[in-house]
Amino acid sequence: MAMSGQTGPRTLRGEDHYQGSFITMSLPAPRRLLELACQSLLKDEASAIAALELLPRELFPPLFMAAFAGKHNTVLKMMVQAWPFPCLPLGALMKDRQPDHEIFQAALDGLDALLAQETRPRRWKLQLLNLQKKVHQEFWTVWSGTRADVCSLLEPEAALPVRKRGKGDSSRAGPSPPVAPVQVFVDLCLKEGIPDESLSYLIKKVTERRGSLHLCCKKLKVFAVSKQNMNILNMVQLDSVQDLELNCTWKLSTLKKFAPYLGQMGNLRRFLLSHILTSSRTTLEQEEQCIGQVTAQFRSLPCLQELCLDSVSFLKGRLDQILRCLKSPLQTLSITNCLFLERDLRHLSRHLNVSQLKGLSFNGLNLTHIRSGPLQVLIEKASLTLQALELDECGILDPQFMDILSALSHCSQLKTLSFCENPISMTVLEDLLRHTVGLSKLTRVLYAAPLESYEESSGTLHLGKLAQVHAVLKQLLQKLGRPDMVWLCASPCPRCGDRTFYDPEPILCPCYVSV
């Protein structure tokens with residue numbers, strides 16, 4: 001159906017796997033007229049359902065949006081069965097609000113009825129029901145009329161001709177090809193307690209249609225281990241997981257039980273592991289066995305790009321075991337709030353493949369008594385690609401910081417640098433500024449309040465002295481031709497203890513907001 005709008009057509013580009021080729025069409029009538037037509041049709045749900053067989057597919061998205069907004073669940077159920085596109089991005093309509101369970105159930109019931117049909121419907125194209133809220137939003141924007149273009153996912157219908165047959169032609173029809181499983185994509189967050197009503201219903205349908213309905217999950221967060229959560233994991237197509245967060249207070253033995261699941265996530269790109277404890281009751285031999293089984297899973301993660309290890313107790317002295325198992329160069333490495341040995345940092349500087357490293361964070365590592373040589377080598381090796389470096393609360397002293405200044409000055413791609421809450425002097429701050437002022441892409445620096453800005457007697461931050469420090473740095477930036485470089489001090493508030501930013505006055509700290 002050709003339609004034209006008041007604005008000229010624009011080309012829409014998509015990134016999703018299911019957005020292959022695109023067609024640009026024009027909208028012929030004002031958006032309001034289309035809305036009125038959809039609302040009129042939905043007043044008689046039986047007529048609306050009967051019209052689906054002949055409804056031009058250009059009208060499916062606006063009619064679906066109207067049915068969704070008006071909670072015409074029976075129509076939604078039938079529209080899922082007749083959906084003429086490979087992907088139905090239902091989650092994008094839900095946005096940030098909680099999904100209406102009745103709508104959610106209607107969509108799954110429609111999908112269930114579709115899969116129950118022995119004969120494949122002529123217009124069946126649905127391959128993926130996407131329940132993620134932050135993907136495919138462009139699809140609905142286009143079809144709602146707020147954009148002038150109209151796109152179709154995959155090839156146009158004309159590319160898939162259907163041969164008409166007469167009544168006596170059925171004998172020559174070959175067997176129907178096997179129908180590929182329909183994928184349901186959802187972001188999962190597994191917590192304590194019983195799953196919500198919608199997730200429970202989804203698991204029920206996947207269980208009933210196992211083999212023809214695949215539960216896929218790109219973002220998986222696990223906050224608690226329970227029998228119910230493990231049962232849900234057994235339903236997930238684990239090779240669909242791209243972003244995994246294990247944010248639990250687990251014992252090492254519990255992590256060992258999860259290890260086989262990790263090894264099946266061959267497309268994993270980001271992995272956050274947080275708060276893993278070792279037990280005094282575990283023998284050294286048992287501990288080594290658990291660690292070996294966990295680290296071995298990294299060999300099965302060839303796509304891993306971002307590794308974040310936070311408060312992982314078994315890391316001390318064993319970082320080399322993980323490095324040996326990494327199959328591809330990382331883009332981001334974050335090791336925070338862990339116990340660390342000098343040999344761990346030495347292994348990093350010698351064996352980490354930094355050819356693609358863009359982000360490096362060591363926040364909360366105690367580096368006070370660790371020689372700065374390995375850190376200097378690591379920064380120097382990554383200088384061609386490094387864009388963000390975080391060294392907050394590392395206990396770095398003046399001599400250590402001076403040692404890495406030369407390496408920092410070579411980081412031509414560096415955009416952000418943070419070294420908050422380290423006991424350094426004003427002299428080092430000024431030297432750092434002079435060494436990095438030539439880095440054209442460096443626009444934001446979060447620095448520690450220097451020792452000179454604290455009260456000598458009480459050791460508390462003196463805002464007047466800090467303002468003087470900030471003025472000196474700002475003046476130096478102007479003098480060196482880099483007024484665009486933003487230097488913000490980030491230090492604990494002397495009143496509440498929360499980290500507060502100063503420029504030079506406190507920013508967004510409730511202690512300084514006038515009542």
# chains A, B, ... in the order shown; residues from 1 in each chain; ligands from 1
>>> residues_around(residues="region 362-375 of chain A", least_positions_apart="6", cutoff="6 Å", atoms="only C-alpha atoms", output="list in words")
Ile335, Thr336, Asn337, Cys338, Glu342, Arg346, Ser349, Leu391, Asp392, Glu393, Cys394, Gly395, Ile396 and Gln400 of chain A
>>> write_last_selection(atoms="N, CA, C and O atoms", output="PDB file, in the first residue's frame")
ATOM      1  N   ILE A 335      39.705  -4.747  37.213  1.00  0.00           N
ATOM      2  CA  ILE A 335      40.000  -5.550  38.402  1.00  0.00           C
ATOM      3  C   ILE A 335      39.920  -4.593  39.585  1.00  0.00           C
ATOM      4  O   ILE A 335      40.789  -3.732  39.759  1.00  0.00           O
ATOM      5  N   THR A 336      38.869  -4.718  40.386  1.00  0.00           N
ATOM      6  CA  THR A 336      38.613  -3.730  41.434  1.00  0.00           C
ATOM      7  C   THR A 336      38.368  -4.403  42.773  1.00  0.00           C
ATOM      8  O   THR A 336      37.787  -5.488  42.850  1.00  0.00           O
ATOM      9  N   ASN A 337      38.838  -3.727  43.823  1.00  0.00           N
ATOM     10  CA  ASN A 337      38.589  -4.160  45.209  1.00  0.00           C
ATOM     11  C   ASN A 337      39.012  -5.607  45.453  1.00  0.00           C
ATOM     12  O   ASN A 337      38.322  -6.369  46.142  1.00  0.00           O
ATOM     13  N   CYS A 338      40.121  -5.978  44.881  1.00  0.00           N
ATOM     14  CA  CYS A 338      40.667  -7.323  45.062  1.00  0.00           C
ATOM     15  C   CYS A 338      42.021  -7.237  45.766  1.00  0.00           C
ATOM     16  O   CYS A 338      42.689  -6.207  45.729  1.00  0.00           O
ATOM     17  N   GLU A 342      52.345  -8.170  43.556  1.00  0.00           N
ATOM     18  CA  GLU A 342      53.156  -7.567  42.503  1.00  0.00           C
ATOM     19  C   GLU A 342      53.308  -8.509  41.315  1.00  0.00           C
ATOM     20  O   GLU A 342      53.336  -8.080  40.167  1.00  0.00           O
ATOM     21  N   ARG A 346      52.763  -7.950  37.370  1.00  0.00           N
ATOM     22  CA  ARG A 346      53.849  -8.298  36.449  1.00  0.00           C
ATOM     23  C   ARG A 346      53.351  -9.224  35.333  1.00  0.00           C
ATOM     24  O   ARG A 346      53.711  -9.072  34.156  1.00  0.00           O
ATOM     25  N   SER A 349      51.436  -7.135  32.806  1.00  0.00           N
ATOM     26  CA  SER A 349      52.289  -6.325  31.941  1.00  0.00           C
ATOM     27  C   SER A 349      53.014  -7.174  30.902  1.00  0.00           C
ATOM     28  O   SER A 349      53.341  -6.681  29.817  1.00  0.00           O
ATOM     29  N   LEU A 391      42.331   4.724  38.281  1.00  0.00           N
ATOM     30  CA  LEU A 391      43.239   4.295  39.353  1.00  0.00           C
ATOM     31  C   LEU A 391      42.776   4.894  40.682  1.00  0.00           C
ATOM     32  O   LEU A 391      43.570   5.392  41.468  1.00  0.00           O
ATOM     33  N   ASP A 392      41.479   4.843  40.940  1.00  0.00           N
ATOM     34  CA  ASP A 392      40.926   5.432  42.162  1.00  0.00           C
ATOM     35  C   ASP A 392      41.242   4.573  43.380  1.00  0.00           C
ATOM     36  O   ASP A 392      41.204   3.335  43.316  1.00  0.00           O
ATOM     37  N   GLU A 393      41.531   5.244  44.491  1.00  0.00           N
ATOM     38  CA  GLU A 393      41.711   4.586  45.789  1.00  0.00           C
ATOM     39  C   GLU A 393      42.726   3.445  45.738  1.00  0.00           C
ATOM     40  O   GLU A 393      42.509   2.370  46.268  1.00  0.00           O
ATOM     41  N   CYS A 394      43.844   3.707  45.078  1.00  0.00           N
ATOM     42  CA  CYS A 394      44.899   2.691  44.957  1.00  0.00           C
ATOM     43  C   CYS A 394      46.062   2.932  45.922  1.00  0.00           C
ATOM     44  O   CYS A 394      47.008   2.140  45.947  1.00  0.00           O
ATOM     45  N   GLY A 395      46.012   4.022  46.681  1.00  0.00           N
ATOM     46  CA  GLY A 395      47.115   4.319  47.589  1.00  0.00           C
ATOM     47  C   GLY A 395      48.391   4.685  46.869  1.00  0.00           C
ATOM     48  O   GLY A 395      49.500   4.485  47.399  1.00  0.00           O
ATOM     49  N   ILE A 396      48.277   5.228  45.666  1.00  0.00           N
ATOM     50  CA  ILE A 396      49.462   5.586  44.876  1.00  0.00           C
ATOM     51  C   ILE A 396      50.111   6.840  45.466  1.00  0.00           C
ATOM     52  O   ILE A 396      49.445   7.849  45.704  1.00  0.00           O
ATOM     53  N   GLN A 400      55.501   6.848  42.800  1.00  0.00           N
ATOM     54  CA  GLN A 400      54.876   5.922  41.859  1.00  0.00           C
ATOM     55  C   GLN A 400      54.189   6.667  40.724  1.00  0.00           C
ATOM     56  O   GLN A 400      54.271   6.266  39.557  1.00  0.00           O
TER      57      GLN A 400
END
>>> residues_around(residues="region 34-47 of chain A", least_positions_apart="5", cutoff="7 Å", atoms="only C-alpha atoms", output="PyMOL selection string")
chain A and resi 63+66+75
>>> closest_atom_pairs(of="region 101-121 of chain A", to="region 185-204 of chain A", cutoff="9 Å", atoms="only C-alpha atoms", output="JSON lines")
{"residue": "A:His101", "atom": "CA", "partner": "A:Ser198", "partner_atom": "CA", "distance": 5.8}
{"residue": "A:Glu102", "atom": "CA", "partner": "A:Ser198", "partner_atom": "CA", "distance": 8.9}
{"residue": "A:Phe104", "atom": "CA", "partner": "A:Ser198", "partner_atom": "CA", "distance": 6.8}
{"residue": "A:Gln105", "atom": "CA", "partner": "A:Tyr201", "partner_atom": "CA", "distance": 7.3}
{"residue": "A:Leu108", "atom": "CA", "partner": "A:Leu202", "partner_atom": "CA", "distance": 7.3}
>>> atom_distance(atom1="CA of Phe223 (chain A)", atom2="CA of Trp250 (chain A)")
9.6 Å
>>> select_by_dssp(residues="region 259-498 of chain A", states="alpha helix (DSSP H)", output="number ranges by chain")
A: 259-263, 284-296, 319-325, 342-351, 373-381, 398-408, 426-436, 463-479
>>> atom_distance(atom1="CA of Gly317 (chain A)", atom2="CA of Gln376 (chain A)")
19.7 Å
>>> decode(residues="region 324-335 of chain A", atoms="all heavy atoms", output="tab-separated table (two decimals), in the first residue's frame")
chain	number	residue	atom	x	y	z
A	324	ARG	N	46.06	-17.08	31.01
A	324	ARG	CA	46.45	-18.18	30.12
A	324	ARG	C	45.27	-18.73	29.34
A	324	ARG	O	45.44	-19.31	28.28
A	324	ARG	CB	47.09	-19.31	30.94
A	324	ARG	CG	48.50	-19.04	31.40
A	324	ARG	CD	49.22	-20.34	31.76
A	324	ARG	NE	48.49	-21.07	32.80
A	324	ARG	CZ	48.77	-21.00	34.10
A	324	ARG	NH1	49.75	-20.19	34.52
A	324	ARG	NH2	48.10	-21.69	34.99
A	325	CYS	N	44.06	-18.56	29.90
A	325	CYS	CA	42.87	-19.17	29.28
A	325	CYS	C	42.12	-18.21	28.36
A	325	CYS	O	41.17	-18.65	27.68
A	325	CYS	CB	41.92	-19.68	30.37
A	325	CYS	SG	42.63	-21.00	31.39
A	326	LEU	N	42.49	-16.94	28.33
A	326	LEU	CA	41.79	-16.00	27.46
A	326	LEU	C	42.11	-16.31	26.00
A	326	LEU	O	43.27	-16.47	25.63
A	326	LEU	CB	42.21	-14.56	27.79
A	326	LEU	CG	41.77	-14.02	29.15
A	326	LEU	CD1	42.32	-12.61	29.36
A	326	LEU	CD2	40.25	-14.00	29.26
A	327	LYS	N	41.07	-16.39	25.17
A	327	LYS	CA	41.25	-16.79	23.78
A	327	LYS	C	41.37	-15.60	22.84
A	327	LYS	O	41.82	-15.77	21.70
A	327	LYS	CB	40.07	-17.66	23.34
A	327	LYS	CG	39.87	-18.91	24.17
A	327	LYS	CD	41.04	-19.86	24.06
A	327	LYS	CE	41.12	-20.51	22.72
A	327	LYS	NZ	42.21	-21.51	22.63
A	328	SER	N	40.97	-14.42	23.26
A	328	SER	CA	41.01	-13.26	22.38
A	328	SER	C	41.39	-12.02	23.19
A	328	SER	O	41.21	-11.99	24.41
A	328	SER	CB	39.65	-13.05	21.70
A	328	SER	OG	38.64	-12.90	22.67
A	329	PRO	N	41.91	-10.99	22.53
A	329	PRO	CA	42.31	-9.77	23.25
A	329	PRO	C	41.10	-9.05	23.82
A	329	PRO	O	40.04	-8.97	23.18
A	329	PRO	CB	43.00	-8.92	22.18
A	329	PRO	CG	42.53	-9.47	20.88
A	329	PRO	CD	42.26	-10.91	21.09
A	330	LEU	N	41.24	-8.52	25.04
A	330	LEU	CA	40.15	-7.80	25.69
A	330	LEU	C	40.12	-6.35	25.23
A	330	LEU	O	41.15	-5.75	24.92
A	330	LEU	CB	40.32	-7.83	27.21
A	330	LEU	CG	40.23	-9.20	27.90
A	330	LEU	CD1	40.56	-9.05	29.38
A	330	LEU	CD2	38.84	-9.80	27.72
A	331	GLN	N	38.91	-5.77	25.24
A	331	GLN	CA	38.77	-4.34	25.02
A	331	GLN	C	38.69	-3.58	26.34
A	331	GLN	O	39.07	-2.42	26.42
A	331	GLN	CB	37.52	-4.05	24.19
A	331	GLN	CG	37.61	-4.54	22.76
A	331	GLN	CD	36.43	-4.12	21.91
A	331	GLN	OE1	35.60	-3.31	22.32
A	331	GLN	NE2	36.33	-4.68	20.72
A	332	THR	N	38.18	-4.26	27.38
A	332	THR	CA	38.07	-3.65	28.70
A	332	THR	C	38.48	-4.66	29.76
A	332	THR	O	38.01	-5.80	29.75
A	332	THR	CB	36.63	-3.19	29.00
A	332	THR	OG1	36.23	-2.23	28.02
A	332	THR	CG2	36.52	-2.56	30.38
A	333	LEU	N	39.34	-4.25	30.67
A	333	LEU	CA	39.72	-5.07	31.81
A	333	LEU	C	39.54	-4.23	33.07
A	333	LEU	O	40.11	-3.16	33.21
A	333	LEU	CB	41.17	-5.54	31.71
A	333	LEU	CG	41.70	-6.32	32.94
A	333	LEU	CD1	40.91	-7.61	33.13
A	333	LEU	CD2	43.19	-6.61	32.80
A	334	SER	N	38.71	-4.74	33.99
A	334	SER	CA	38.46	-4.05	35.25
A	334	SER	C	38.70	-5.03	36.39
A	334	SER	O	38.00	-6.03	36.52
A	334	SER	CB	37.03	-3.52	35.28
A	334	SER	OG	36.73	-2.95	36.54
A	335	ILE	N	39.71	-4.75	37.21
A	335	ILE	CA	40.00	-5.55	38.40
A	335	ILE	C	39.92	-4.59	39.58
A	335	ILE	O	40.79	-3.73	39.76
A	335	ILE	CB	41.38	-6.21	38.32
A	335	ILE	CG1	41.48	-7.07	37.06
A	335	ILE	CG2	41.65	-7.05	39.55
A	335	ILE	CD1	42.85	-7.68	36.83
